[in-house]
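Just upload04.txt here, compact mmCIF, C-alpha atoms:
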# COMPACT_ATOMS: atom_id res chain seq x y z
CA MET K 25 -14.01 -224.87 45.97
CA PRO K 26 -12.98 -222.17 43.46
CA LEU K 27 -12.79 -218.59 44.72
CA LYS K 28 -15.64 -216.27 43.72
CA GLY K 29 -13.31 -213.69 42.19
CA ASN K 30 -14.73 -210.61 43.94
CA ILE K 31 -11.82 -210.33 46.40
CA ASN K 32 -8.18 -210.40 45.30
CA HIS K 33 -6.64 -212.34 48.17
CA SER K 34 -2.96 -211.98 49.09
CA ILE K 35 -0.76 -213.76 51.64
CA VAL K 36 1.49 -211.57 53.78
CA TYR K 37 4.90 -213.22 53.77
CA TRP K 38 6.22 -212.36 57.24
CA CYS K 39 3.24 -213.90 59.02
CA PHE K 40 4.09 -217.36 57.73
CA ASN K 41 7.86 -217.04 57.45
CA VAL K 42 8.76 -215.32 60.73
CA ALA K 43 5.72 -216.64 62.59
CA GLY K 44 3.77 -219.83 62.00
CA ASP K 45 5.67 -222.83 60.67
CA LYS K 46 8.36 -220.60 59.08
CA TRP K 47 7.46 -221.57 55.53
CA ASP K 48 10.07 -220.85 52.91
CA MET K 49 8.95 -219.25 49.66
CA GLU K 50 8.65 -222.57 47.83
CA ARG K 51 6.19 -223.80 50.46
CA MET K 52 4.33 -220.51 50.48
CA CYS K 53 3.88 -220.59 46.72
CA GLU K 54 2.52 -224.13 46.96
CA VAL K 55 0.06 -223.00 49.64
CA ALA K 56 -1.01 -219.97 47.60
CA LYS K 57 -1.67 -222.04 44.49
CA GLY K 58 -3.56 -224.62 46.53
CA LEU K 59 -5.85 -221.89 47.86
CA GLY K 60 -6.26 -220.17 44.51
CA VAL K 61 -4.41 -217.08 45.78
CA LYS K 62 -2.32 -215.21 43.21
CA SER K 63 -0.27 -212.86 45.41
CA ILE K 64 2.32 -213.11 48.18
CA GLU K 65 3.21 -209.67 49.51
CA LEU K 66 5.80 -207.88 51.66
CA SER K 67 8.47 -210.45 50.83
CA ASP K 68 12.19 -209.92 50.32
CA PRO K 69 13.31 -209.20 46.74
CA ASP K 70 15.50 -212.30 46.74
CA THR K 71 12.31 -214.39 46.95
CA TRP K 72 10.69 -212.79 43.90
CA PRO K 73 12.33 -215.12 41.33
CA THR K 74 10.82 -218.10 43.17
CA MET K 75 7.41 -216.45 43.08
CA ALA K 76 7.77 -215.73 39.37
CA LYS K 77 8.69 -219.37 38.74
CA HIS K 78 5.37 -220.40 40.32
CA GLY K 79 3.36 -217.71 38.54
CA ILE K 80 2.72 -215.85 41.80
CA THR K 81 2.69 -212.04 41.84
CA SER K 82 3.09 -209.53 44.70
CA ALA K 83 0.39 -206.96 45.44
CA ILE K 84 2.70 -204.71 47.48
CA ALA K 85 6.38 -204.61 48.44
CA MET K 86 8.02 -204.04 51.81
CA ASN K 87 10.04 -200.88 52.27
CA GLY K 88 12.75 -200.78 54.90
CA MET K 89 11.48 -201.94 58.29
CA PRO K 90 12.42 -201.62 61.12
CA GLY K 91 14.45 -198.40 60.57
CA ALA K 92 13.86 -195.96 57.73
CA PRO K 93 11.29 -195.49 56.42
CA PHE K 94 9.28 -197.11 59.26
CA MET K 95 10.29 -195.44 62.52
CA LYS K 96 12.18 -192.79 60.54
CA GLY K 97 9.34 -191.77 58.27
CA PHE K 98 7.97 -189.00 56.09
CA ASN K 99 6.84 -186.98 59.14
CA ASN K 100 10.41 -185.99 60.07
CA PRO K 101 12.56 -183.81 57.72
CA ARG K 102 15.62 -185.11 59.55
CA TYR K 103 15.11 -188.41 57.69
CA HIS K 104 13.68 -187.21 54.37
CA GLU K 105 16.85 -187.76 52.37
CA GLU K 106 17.20 -191.35 53.57
CA VAL K 107 13.47 -192.16 53.33
CA ILE K 108 13.09 -190.72 49.85
CA SER K 109 16.26 -192.42 48.62
CA ARG K 110 15.27 -195.83 49.95
CA THR K 111 11.68 -195.51 48.76
CA THR K 112 12.88 -194.46 45.30
CA ARG K 113 15.07 -197.56 45.07
CA THR K 114 12.14 -199.76 46.11
CA ILE K 115 9.84 -198.10 43.57
CA ASP K 116 12.39 -198.83 40.83
CA LEU K 117 12.67 -202.45 41.95
CA CYS K 118 8.89 -202.76 41.94
CA ALA K 119 8.62 -201.28 38.47
CA ASP K 120 11.25 -203.69 37.16
CA ASN K 121 9.38 -206.66 38.67
CA LYS K 122 5.81 -205.57 37.85
CA ILE K 123 4.87 -205.04 41.50
CA PRO K 124 2.19 -202.32 41.62
CA ALA K 125 2.70 -200.84 45.09
CA VAL K 126 5.12 -200.22 47.95
CA ILE K 127 4.28 -199.62 51.60
CA GLY K 128 5.04 -196.28 53.25
CA PHE K 129 4.92 -194.97 56.82
CA THR K 130 4.44 -191.65 58.59
CA GLY K 131 7.19 -192.55 61.08
CA TYR K 132 7.40 -192.17 64.85
CA LYS K 133 6.47 -188.87 66.49
CA PHE K 134 9.77 -188.34 68.31
CA ARG K 135 12.22 -185.80 66.90
CA ASP K 136 14.87 -188.47 67.22
CA ALA K 137 12.73 -191.41 66.11
CA GLU K 138 14.44 -193.85 68.46
CA ASP K 139 14.55 -191.56 71.50
CA PRO K 140 11.19 -190.84 73.20
CA THR K 141 12.87 -188.18 75.36
CA SER K 142 13.85 -186.07 72.33
CA GLY K 143 10.56 -184.19 72.17
CA GLU K 144 7.57 -184.74 69.91
CA ILE K 145 6.68 -183.58 66.43
CA THR K 146 3.19 -182.04 66.59
CA LEU K 147 0.41 -183.59 64.55
CA ASP K 148 0.22 -180.54 62.28
CA GLU K 149 4.00 -180.55 61.77
CA GLY K 150 3.99 -184.26 61.08
CA ALA K 151 1.23 -183.96 58.50
CA ASP K 152 2.91 -181.03 56.75
CA ASN K 153 6.23 -182.90 56.68
CA CYS K 154 4.58 -186.04 55.28
CA VAL K 155 2.92 -184.04 52.52
CA GLN K 156 6.19 -182.31 51.67
CA GLY K 157 8.16 -185.56 51.59
CA LEU K 158 5.56 -187.51 49.64
CA LYS K 159 5.20 -184.73 47.09
CA GLN K 160 8.94 -184.96 46.44
CA ILE K 161 8.64 -188.60 45.43
CA ALA K 162 5.12 -188.70 43.97
CA ALA K 163 6.20 -187.71 40.45
CA HIS K 164 8.71 -190.56 40.36
CA ALA K 165 6.06 -193.00 41.55
CA GLU K 166 3.72 -191.73 38.83
CA LYS K 167 6.42 -192.10 36.17
CA LYS K 168 7.15 -195.68 37.25
CA GLY K 169 3.49 -196.66 37.71
CA VAL K 170 3.99 -197.73 41.35
CA THR K 171 1.69 -196.64 44.18
CA ILE K 172 2.99 -195.67 47.62
CA CYS K 173 0.47 -196.89 50.22
CA LEU K 174 0.82 -194.93 53.47
CA GLU K 175 -0.16 -197.15 56.39
CA HIS K 176 -2.19 -196.29 59.46
CA LEU K 177 -1.07 -198.32 62.54
CA ASN K 178 -2.38 -198.71 66.06
CA THR K 179 -0.49 -197.38 69.10
CA ARG K 180 -2.69 -199.01 71.77
CA ASP K 181 -1.35 -202.57 71.82
CA ASP K 182 2.06 -202.68 73.51
CA THR K 183 2.12 -206.45 74.11
CA HIS K 184 4.11 -207.42 71.02
CA PRO K 185 6.20 -205.44 68.49
CA MET K 186 4.01 -206.61 65.59
CA LYS K 187 0.65 -206.16 67.31
CA GLY K 188 0.96 -202.43 67.97
CA HIS K 189 3.42 -199.58 67.54
CA PRO K 190 3.39 -197.10 70.46
CA GLY K 191 4.95 -193.85 69.26
CA TYR K 192 3.83 -194.12 65.62
CA GLN K 193 2.39 -190.79 64.52
CA GLY K 194 -0.14 -191.99 61.94
CA ASP K 195 -2.43 -193.78 64.39
CA ASP K 196 -5.65 -192.03 63.31
CA VAL K 197 -6.99 -193.22 59.98
CA ASP K 198 -8.61 -189.87 59.13
CA TYR K 199 -5.29 -188.13 59.79
CA VAL K 200 -3.46 -190.45 57.38
CA ALA K 201 -6.24 -190.26 54.77
CA ASN K 202 -6.09 -186.47 54.83
CA ILE K 203 -2.32 -186.52 54.33
CA VAL K 204 -2.89 -188.63 51.22
CA ARG K 205 -5.58 -186.25 49.96
CA ARG K 206 -3.28 -183.27 50.44
CA VAL K 207 -0.53 -184.91 48.36
CA GLY K 208 -3.07 -185.20 45.56
CA SER K 209 -1.33 -187.89 43.53
CA PRO K 210 -2.98 -190.98 42.02
CA ARG K 211 0.16 -192.85 43.09
CA VAL K 212 -0.06 -191.99 46.80
CA LYS K 213 -2.82 -193.91 48.59
CA LEU K 214 -3.89 -195.20 52.02
CA LEU K 215 -3.19 -198.69 53.32
CA PHE K 216 -6.38 -199.39 55.27
CA ASP K 217 -5.59 -202.15 57.77
CA LEU K 218 -8.86 -203.40 59.23
CA TYR K 219 -7.13 -204.67 62.39
CA HIS K 220 -5.36 -201.39 63.16
CA VAL K 221 -8.37 -199.23 62.26
CA GLN K 222 -10.66 -201.33 64.45
CA ILE K 223 -8.38 -200.77 67.44
CA MET K 224 -7.92 -197.02 66.99
CA ASN K 225 -11.11 -195.85 65.27
CA GLY K 226 -13.66 -198.64 64.82
CA ASP K 227 -16.81 -198.05 62.74
CA LEU K 228 -15.12 -199.95 59.92
CA ILE K 229 -17.82 -200.04 57.26
CA ARG K 230 -18.57 -196.33 57.50
CA ARG K 231 -14.85 -195.51 57.52
CA LEU K 232 -14.26 -197.61 54.41
CA GLU K 233 -16.92 -195.52 52.68
CA GLN K 234 -15.39 -192.27 53.91
CA CYS K 235 -11.91 -193.31 52.77
CA LYS K 236 -12.85 -194.98 49.49
CA ASP K 237 -11.35 -192.16 47.43
CA VAL K 238 -7.86 -192.84 48.80
CA ILE K 239 -7.72 -196.57 49.65
CA GLY K 240 -4.94 -198.37 47.82
CA HIS K 241 -4.60 -201.60 49.77
CA ILE K 242 -6.37 -203.59 52.53
CA HIS K 243 -4.98 -205.76 55.34
CA THR K 244 -6.83 -208.18 57.62
CA ALA K 245 -6.22 -209.73 61.05
CA GLY K 246 -8.47 -210.67 63.93
CA ASN K 247 -8.89 -208.29 66.84
CA PRO K 248 -7.98 -208.53 69.65
CA GLY K 249 -4.59 -210.16 69.33
CA ARG K 250 -3.88 -210.01 65.59
CA GLY K 251 -4.79 -213.67 65.33
CA GLU K 252 -6.91 -215.70 62.96
CA LEU K 253 -10.15 -214.46 61.40
CA ASP K 254 -12.21 -216.76 63.59
CA GLU K 255 -14.98 -216.78 66.20
CA ASN K 256 -12.61 -215.51 68.91
CA GLN K 257 -12.36 -212.00 67.44
CA GLU K 258 -14.73 -209.10 66.89
CA ILE K 259 -14.46 -207.91 63.28
CA ALA K 260 -17.28 -208.89 60.91
CA PHE K 261 -15.06 -209.71 57.95
CA PRO K 262 -17.77 -210.88 55.52
CA ALA K 263 -19.59 -207.56 56.01
CA THR K 264 -16.42 -205.50 55.49
CA MET K 265 -15.59 -207.50 52.36
CA ARG K 266 -19.08 -206.99 50.97
CA LYS K 267 -18.60 -203.27 51.57
CA LEU K 268 -15.36 -203.33 49.56
CA VAL K 269 -17.16 -205.09 46.70
CA SER K 270 -20.05 -202.61 46.76
CA MET K 271 -17.54 -199.72 46.69
CA GLY K 272 -15.97 -201.13 43.55
CA TYR K 273 -12.62 -201.77 45.27
CA THR K 274 -10.41 -203.76 42.90
CA GLY K 275 -7.15 -203.81 44.87
CA SER K 276 -5.86 -206.66 46.99
CA VAL K 277 -6.73 -207.87 50.48
CA GLY K 278 -3.62 -209.07 52.31
CA HIS K 279 -4.13 -211.56 55.14
CA GLU K 280 -1.73 -210.37 57.85
CA PHE K 281 -2.57 -212.30 61.00
CA ILE K 282 -0.11 -213.95 63.39
CA PRO K 283 -0.92 -217.69 63.52
CA THR K 284 -1.79 -219.12 66.93
CA ARG K 285 -2.50 -222.62 65.59
CA ASP K 286 -2.02 -224.52 62.33
CA PRO K 287 -1.07 -221.72 59.88
CA LEU K 288 -2.57 -223.43 56.84
CA ALA K 289 -5.91 -223.99 58.58
CA GLY K 290 -5.96 -220.35 59.69
CA LEU K 291 -5.09 -219.09 56.23
CA ARG K 292 -7.68 -221.32 54.60
CA GLN K 293 -10.25 -219.93 57.04
CA ALA K 294 -9.23 -216.32 56.32
CA VAL K 295 -9.63 -216.80 52.57
CA SER K 296 -12.97 -218.56 53.04
CA VAL K 297 -14.39 -215.95 55.44
CA CYS K 298 -13.37 -213.07 53.16
CA ASP K 299 -14.37 -214.66 49.86
CA VAL K 300 -17.77 -213.01 49.48

Could you show the structure in this file as structure tokens?
Amino acid sequence: MPLKGNINHSIVYWCFNVAGDKWDMERMCEVAKGLGVKSIELSDPDTWPTMAKHGITSAIAMNGMPGAPFMKGFNNPRYHEEVISRTTRTIDLCADNKIPAVIGFTGYKFRDAEDPTSGEITLDEGADNCVQGLKQIAAHAEKKGVTICLEHLNTRDDTHPMKGHPGYQGDDVDYVANIVRRVGSPRVKLLFDLYHVQIMNGDLIRRLEQCKDVIGHIHTAGNPGRGELDENQEIAFPATMRKLVSMGYTGSVGHEFIPTRDPLAGLRQAVSVCDV
């Protein structure tokens, strides 16, 4: 059945390349076309020519995990030079390949990002540092027409390195949204991940409304467990998607769940559930 066209679905590469059946990009492009999905996101630049060959775009690009600028993020001046340099290079790559956005991170709260005993950056310090760092690169992002989407992540789930991120400073969605507002650039936005926000804040539909001025990208996954968007999880995805439509959101919705069964069946279900 053709998609309704109200939601711009996107497949998150790592979920089906690292997890799942470890699809290569050729297989992923075939799956995307079969589902009517036009974007595969957070993939490695060396896969982009394959995507282009299949007429598949990318809604947002990855930017330097697991080191800078993920753990070593905008919240810590110690890493600003490296974070800004790497993000600048990614922005240029995105501009050259017509990719509209790149992911960004606050970073971990420790003064030495990889050493929890090094002391903690306060929330106010971290926010000020993020604003300062993002303002340094915002003009370049504006010039290149690429949006930096700062992601909120949960710190509660410590069962798996991709289910939660204990130590990450930007674990409150209002905190991250206010950083974005303070930067004041049309090319610095919030990555609103429904899975992470549900864990840390909840009240998803009201929070989507409150953050609508700064949302640049959406991610999905079932909670608890970051699994499929099925009857075993608690998020009402059709309702959240209808809220996005009513808000006039025109960005992409990236399906970022970790498969626990047949990946294609789970992905087909995610697209169907969210296609309101």

Exercise for the section: Skip K:His33 itself and residues of its chain fewer than 3 positions away, then list as a list in words all residues within 10 Å of it, counting only C-alpha atoms. Expected result: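 Here the answer would be Leu27, Gly29, Asn30, Val36, Ala56, Leu59, Gly60, Val61, Lys62, Ser63, Ile64, Ala83, Ile242, His243, Gly275, Ser276, Val277, Gly278, His279, Ala294, Val295, Cys298 and Asp299 of chain K.
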
Problem - Point (4.4, -183.2, 52.1) neighbourhood (10 Å, only C-alpha atoms) written as an NGL selection string - result: :K and (98-99 or 101 or 150-162 or 203-204 or 206-207)

Problem - Residue nearest K:Glu175 - candidates K:Lys96, K:Arg285, K:His220, K:Lys28, atoms counted: all atoms listed in the file - result: K:His220

Exercise for the section: Could you tell me how far atom CA of K:Met52 lies from atom CA of K:Ala76, in Å and to one decimal? Expected result: 12.6 Å

Determine the axis-aligned bounding box of all atoms of stretch 157-174 of chain K present in the file, pad each side by 4 Å, and express its centre and edge lengths in Å to one decimal place as JSON.
{"center_x": 4.7, "center_y": -191.2, "center_z": 44.8, "size_x": 16.5, "size_y": 21.0, "size_z": 25.3}

Completion exercise
In Å and to one decimal, atom CA of K:Ile115 is distant from atom CA of K:Leu66 by 13.3 Å

Handout entry: Å distance separating atom CA of K:Cys235 from atom CA of K:Pro93, one decimal place
Key =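 Atom CA of K:Cys235 sits 23.6 Å away from atom CA of K:Pro93.
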
Exercise for the section: Kindly indicate which residue among K:Gln257, K:Ser67, K:Asn100, K:Asn87 lies nearest to K:Glu144, using only C-alpha atoms for the distances. Expected result: K:Asn100

Practice task
Tell me which protein, DNA and RNA residues are within 10 Å of K:Gly191, counting only C-alpha atoms, leaving out same-chain ones fewer than 6 positions away, and put them as a list in words.
Solution key: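 Selected residues are Met95, Gly131, Tyr132, Lys133, Phe134, Ala137, Glu138, Pro140, Glu144, Asn178, Thr179 and Arg180 of chain K.
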
Return as JSON lines the residues of stretch 144-200 of chain K lying at most 7 Å from stretch 117-128 of chain K, together with the closest atom-to-atom pair for each and the distance in Å to one decimal, counting only C-alpha atoms, with rows in chain order and ascending residue number.
{"residue": "K:Lys168", "atom": "CA", "partner": "K:Ala119", "partner_atom": "CA", "distance": 5.9}
{"residue": "K:Gly169", "atom": "CA", "partner": "K:Ala119", "partner_atom": "CA", "distance": 6.9}
{"residue": "K:Val170", "atom": "CA", "partner": "K:Pro124", "partner_atom": "CA", "distance": 4.9}
{"residue": "K:Thr171", "atom": "CA", "partner": "K:Ala125", "partner_atom": "CA", "distance": 4.4}
{"residue": "K:Ile172", "atom": "CA", "partner": "K:Val126", "partner_atom": "CA", "distance": 5.0}
{"residue": "K:Cys173", "atom": "CA", "partner": "K:Ile127", "partner_atom": "CA", "distance": 4.9}
{"residue": "K:Leu174", "atom": "CA", "partner": "K:Gly128", "partner_atom": "CA", "distance": 4.4}
{"residue": "K:Glu175", "atom": "CA", "partner": "K:Gly128", "partner_atom": "CA", "distance": 6.1}

Problem - Counting all atoms listed in the file, the residue of K:Met224, K:Leu214, K:Gly249, K:Lys57 that sits nearest K:Pro190 - result: K:Met224

Problem - Counting only C-alpha atoms, the option among K:Met75, K:Met265, K:Val238, K:Cys39 closest to K:Arg250 - result: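 Once distances to K:Arg250 are computed over only C-alpha atoms, the minimum belongs to K:Cys39.
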